[in-house]
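The structure appears below as structure tokens.
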Amino acid sequence: MSVSLPRWQVRSTVAILGLSVVATLVGLLRPGHYRDAAVTIPQVYGQDAVTLGFGVPLLAVGLWYAARGSLRGYVVWLGALAYMLYTWASYALMLYFNELFLAYVALFGLSLFTFVGGVLRLDPGAVRDRLHGRLPIRVTSGYLAAIALFFAAGWLSEVVPATLRGAPPESVRLAGVPANVIHVLDLAVLLPATLLTAAWLWRRREWGYVLAGVLLVKFTTLGLAVLAMAAWMRRTRQGGELGEIALFGVVSAVSVALGATYLRSMAPPSRDADAGERASTE
């Protein structure tokens with residue numbers, strides 16, 4: 001099966017790429033651009049570095065191959081869009097107002113509509129048929145479930161005690177914000193979606209196969225982003241424990257390994273294999 005991108009999605013992705021480059025370069029190079037708390041700024045610098053150095057190239061590569069009918073390229077494109085959607089939603093909703101606020105809003109909106117449109121155009125049955133019997137289902141679904149439960153436990157261990165004592169969590173207090181947007185995005189959207197995907201994949205549901213690839217790309221970029229944040233915080237003595245760096249290094253490495261396995265499993269059948277199948281049925 002080949003897939004195609006309508007012209008509006010190609011154009012919107014190009015707009016996301018261009019605006020992302022501008023937003024991250026301004027954030028990294030313009031002194032005083034970010035007006036947030038001292039603990040937040042190094043994290044945003046780390047996010048900018050990963051978006052510019054990895055997220056933008058990944059989205060460009062995914063777009064290039066998806067526009068040429070590659071099913072693997074289409075899944076990579078969707079995964080990179082999921083990263084952009086998550087990133088720019090957090091910027092638009094979390095950061096103190098600055099001159100790029102409308103750019104963050106535009107990036108959030110463009111990423112959301114392009115991602116949803118891309119998901120709706122995809123035939124999940126074709127993805128399942130391509131991966132059936134080739135993808136390690138138990139390992140992939142088990143990893144997705146484990147990572148969702150791990151992150152949920154981490155956030156709840158911070159939020160629940162704070163709720164019981166009637167005071168904001170430490171991360172919220174240090175950042176000087178009403179609430180942590182990442183808590184909201186993860187606990188309301190990302191982690192439930194990951195658990196649902198793990199269950200669907202375990203049961204061989206069509207959308208489980210599709211969303212597993214998208215989420216493996218997402219968790220690869222998430223792990224790299226947190227690694228960069230921790231390294232930047234360590235450099236500025238705002239945090240960044242070695243244990244945290246090692247943990248997210250493992251998350252990134254496992255996500256990369258399983259993502260590579262996913263993409264290899266999606267490789268189209270060779271002509272020789274097709275010929276063999278035809279000969280066996282004659």
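Going through the structure tokens in order, the chains are called A, B, and so on, while each chain numbers its residues from 1 and the ligands are numbered from 1 in the order shown.
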For A:Arg130, find every residue with an atom within 8 Å (counting only C-alpha atoms), except residues of its own chain fewer than 5 positions away, and show them as a PDB file with N, CA and C atoms, in the first residue's frame.
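Result file is part01.pdb:
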ATOM      1  N   SER A 265      10.288  -3.977  10.388  1.00  0.00           N
ATOM      2  CA  SER A 265       9.168  -4.903  10.225  1.00  0.00           C
ATOM      3  C   SER A 265       8.169  -4.394   9.196  1.00  0.00           C
ATOM      4  N   MET A 266       8.149  -3.088   8.977  1.00  0.00           N
ATOM      5  CA  MET A 266       7.213  -2.505   8.025  1.00  0.00           C
ATOM      6  C   MET A 266       7.771  -2.466   6.607  1.00  0.00           C
ATOM      7  N   ALA A 267       8.974  -2.975   6.412  1.00  0.00           N
ATOM      8  CA  ALA A 267       9.582  -2.955   5.084  1.00  0.00           C
ATOM      9  C   ALA A 267       8.674  -3.677   4.095  1.00  0.00           C
ATOM     10  N   PRO A 268       8.471  -3.095   2.917  1.00  0.00           N
ATOM     11  CA  PRO A 268       7.595  -3.754   1.935  1.00  0.00           C
ATOM     12  C   PRO A 268       8.188  -5.086   1.503  1.00  0.00           C
TER      13      PRO A 268
END
Inset, instruction - Considering only C-alpha atoms, return as a ChimeraX atom specification whatever protein or nucleic-acid residues lie within 12 Å of stretch 135-140 of chain A, sequence-local ones (same chain, fewer than 2 positions apart) excluded. - result: /A:127-133,142-147,194-195,197-205,208-213,215-216,254-267
Next, dump the selected residues to file, keeping only N, CA and C atoms, as a CSV table (one decimal), in the first residue's frame.
chain,number,residue,atom,x,y,z
A,127,VAL,N,-1.5,-1.0,7.7
A,127,VAL,CA,-0.4,-1.0,8.6
A,127,VAL,C,-0.3,-2.3,9.3
A,128,ARG,N,-1.5,-2.8,9.8
A,128,ARG,CA,-1.5,-4.1,10.5
A,128,ARG,C,-1.1,-5.2,9.6
A,129,ASP,N,-1.5,-5.2,8.3
A,129,ASP,CA,-1.2,-6.3,7.4
A,129,ASP,C,0.3,-6.3,7.1
A,130,ARG,N,0.9,-5.1,7.0
A,130,ARG,CA,2.3,-5.0,6.8
A,130,ARG,C,3.2,-5.5,7.9
A,131,LEU,N,2.7,-5.3,9.2
A,131,LEU,CA,3.4,-5.7,10.4
A,131,LEU,C,3.1,-7.1,10.9
A,132,HIS,N,2.0,-7.6,10.5
A,132,HIS,CA,1.5,-8.9,11.1
A,132,HIS,C,2.5,-10.0,10.9
A,133,GLY,N,2.8,-10.6,12.1
A,133,GLY,CA,3.8,-11.7,12.1
A,133,GLY,C,5.2,-11.3,12.0
A,142,GLY,N,4.4,-4.4,25.9
A,142,GLY,CA,4.8,-4.4,27.3
A,142,GLY,C,5.7,-3.2,27.6
A,143,TYR,N,6.5,-2.8,26.6
A,143,TYR,CA,7.3,-1.6,26.9
A,143,TYR,C,6.4,-0.3,26.9
A,144,LEU,N,5.5,-0.2,26.0
A,144,LEU,CA,4.6,0.9,26.1
A,144,LEU,C,3.8,1.0,27.4
A,145,ALA,N,3.3,-0.1,27.8
A,145,ALA,CA,2.5,-0.2,29.1
A,145,ALA,C,3.4,0.2,30.2
A,146,ALA,N,4.6,-0.3,30.3
A,146,ALA,CA,5.6,-0.1,31.4
A,146,ALA,C,6.0,1.4,31.4
A,147,ILE,N,6.2,2.0,30.3
A,147,ILE,CA,6.7,3.4,30.3
A,147,ILE,C,5.5,4.3,30.7
A,194,THR,N,-1.1,6.0,25.6
A,194,THR,CA,-0.1,4.9,25.5
A,194,THR,C,-0.6,3.6,26.1
A,195,LEU,N,-1.3,3.7,27.2
A,195,LEU,CA,-1.8,2.4,27.8
A,195,LEU,C,-2.9,1.8,26.9
A,197,THR,N,-3.0,2.1,23.6
A,197,THR,CA,-2.3,1.6,22.5
A,197,THR,C,-1.7,0.2,22.8
A,198,ALA,N,-1.1,0.1,24.0
A,198,ALA,CA,-0.5,-1.1,24.4
A,198,ALA,C,-1.5,-2.2,24.5
A,199,ALA,N,-2.7,-1.9,25.0
A,199,ALA,CA,-3.8,-2.9,25.1
A,199,ALA,C,-4.3,-3.3,23.7
A,200,TRP,N,-4.4,-2.3,22.8
A,200,TRP,CA,-4.9,-2.6,21.5
A,200,TRP,C,-3.9,-3.5,20.7
A,201,LEU,N,-2.6,-3.1,20.9
A,201,LEU,CA,-1.5,-3.9,20.2
A,201,LEU,C,-1.5,-5.3,20.7
A,202,TRP,N,-1.6,-5.5,22.0
A,202,TRP,CA,-1.6,-6.8,22.6
A,202,TRP,C,-2.8,-7.7,22.1
A,203,ARG,N,-3.9,-7.0,21.8
A,203,ARG,CA,-5.1,-7.7,21.2
A,203,ARG,C,-5.1,-7.7,19.7
A,204,ARG,N,-4.0,-7.2,19.1
A,204,ARG,CA,-3.9,-7.2,17.6
A,204,ARG,C,-4.9,-6.3,17.0
A,205,ARG,N,-5.3,-5.3,17.6
A,205,ARG,CA,-6.2,-4.3,17.0
A,205,ARG,C,-5.5,-3.4,16.0
A,208,GLY,N,-3.8,-0.2,17.2
A,208,GLY,CA,-2.6,-0.5,18.1
A,208,GLY,C,-1.4,-0.5,17.3
A,209,TYR,N,-1.4,-1.1,16.1
A,209,TYR,CA,-0.2,-1.2,15.3
A,209,TYR,C,0.2,0.2,14.8
A,210,VAL,N,-0.8,1.0,14.4
A,210,VAL,CA,-0.4,2.4,13.9
A,210,VAL,C,0.1,3.2,15.1
A,211,LEU,N,-0.6,3.3,16.2
A,211,LEU,CA,-0.2,4.2,17.2
A,211,LEU,C,1.1,3.8,17.9
A,212,ALA,N,1.4,2.5,17.9
A,212,ALA,CA,2.6,2.0,18.5
A,212,ALA,C,3.8,2.7,17.8
A,213,GLY,N,3.8,2.7,16.5
A,213,GLY,CA,4.9,3.4,15.8
A,213,GLY,C,5.0,4.9,16.1
A,215,LEU,N,4.0,6.4,18.8
A,215,LEU,CA,4.5,6.6,20.2
A,215,LEU,C,5.9,6.3,20.3
A,216,LEU,N,6.4,5.3,19.6
A,216,LEU,CA,7.9,5.0,19.7
A,216,LEU,C,8.7,6.2,19.2
A,254,VAL,N,16.0,2.4,24.3
A,254,VAL,CA,15.0,1.3,24.1
A,254,VAL,C,14.0,1.8,23.0
A,255,SER,N,13.6,3.0,23.1
A,255,SER,CA,12.6,3.5,22.1
A,255,SER,C,13.2,3.5,20.7
A,256,VAL,N,14.5,3.9,20.6
A,256,VAL,CA,15.2,3.8,19.3
A,256,VAL,C,15.3,2.4,18.8
A,257,ALA,N,15.6,1.4,19.7
A,257,ALA,CA,15.8,0.0,19.3
A,257,ALA,C,14.4,-0.5,18.8
A,258,LEU,N,13.4,-0.3,19.6
A,258,LEU,CA,12.1,-0.8,19.2
A,258,LEU,C,11.5,-0.1,18.0
A,259,GLY,N,11.8,1.2,17.9
A,259,GLY,CA,11.4,2.0,16.7
A,259,GLY,C,12.0,1.5,15.5
A,260,ALA,N,13.3,1.2,15.5
A,260,ALA,CA,14.0,0.6,14.4
A,260,ALA,C,13.5,-0.7,14.0
A,261,THR,N,13.2,-1.5,15.0
A,261,THR,CA,12.6,-2.9,14.7
A,261,THR,C,11.2,-2.7,14.1
A,262,TYR,N,10.4,-1.7,14.5
A,262,TYR,CA,9.1,-1.4,14.0
A,262,TYR,C,9.3,-1.1,12.5
A,263,LEU,N,10.2,-0.2,12.2
A,263,LEU,CA,10.3,0.3,10.8
A,263,LEU,C,10.9,-0.8,9.9
A,264,ARG,N,11.8,-1.6,10.4
A,264,ARG,CA,12.3,-2.8,9.7
A,264,ARG,C,11.1,-3.8,9.4
A,265,SER,N,10.3,-4.0,10.4
A,265,SER,CA,9.2,-4.9,10.2
A,265,SER,C,8.2,-4.4,9.2
A,266,MET,N,8.1,-3.1,9.0
A,266,MET,CA,7.2,-2.5,8.0
A,266,MET,C,7.8,-2.5,6.6
A,267,ALA,N,9.0,-3.0,6.4
A,267,ALA,CA,9.6,-3.0,5.1
A,267,ALA,C,8.7,-3.7,4.1
Inset, instruction - Have a look at atom CA of A:Gly243 and atom CA of A:Met229 and let me know their distance in Å, one decimal. - result: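 Taking atom CA of A:Gly243 as the start and atom CA of A:Met229 as the end point, the length is 13.6 Å.
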Legend entry - Selection near stretch 70-78 of chain A, 8 Å with only C-alpha atoms, sequence-local residues under 5 positions removed, as a PyMOL selection string: chain A and resi 1-3+58-65+115+118-119+127+210+213-214+217+263+266-267
Inset, instruction - Using backbone DSSP assignments, extract all helix (DSSP H, G or I) residues from stretch 72-242 of chain A; output them as a PyMOL selection string. - result: chain A and resi 72-94+101-121+124-131+137-165+170-175+181-202+206-235+242
Legend entry - Gap from atom CA of A:Phe151 to atom CA of A:Asp186 - Å, one decimal: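 Separating atom CA of A:Phe151 from atom CA of A:Asp186 is a distance of 8.2 Å.
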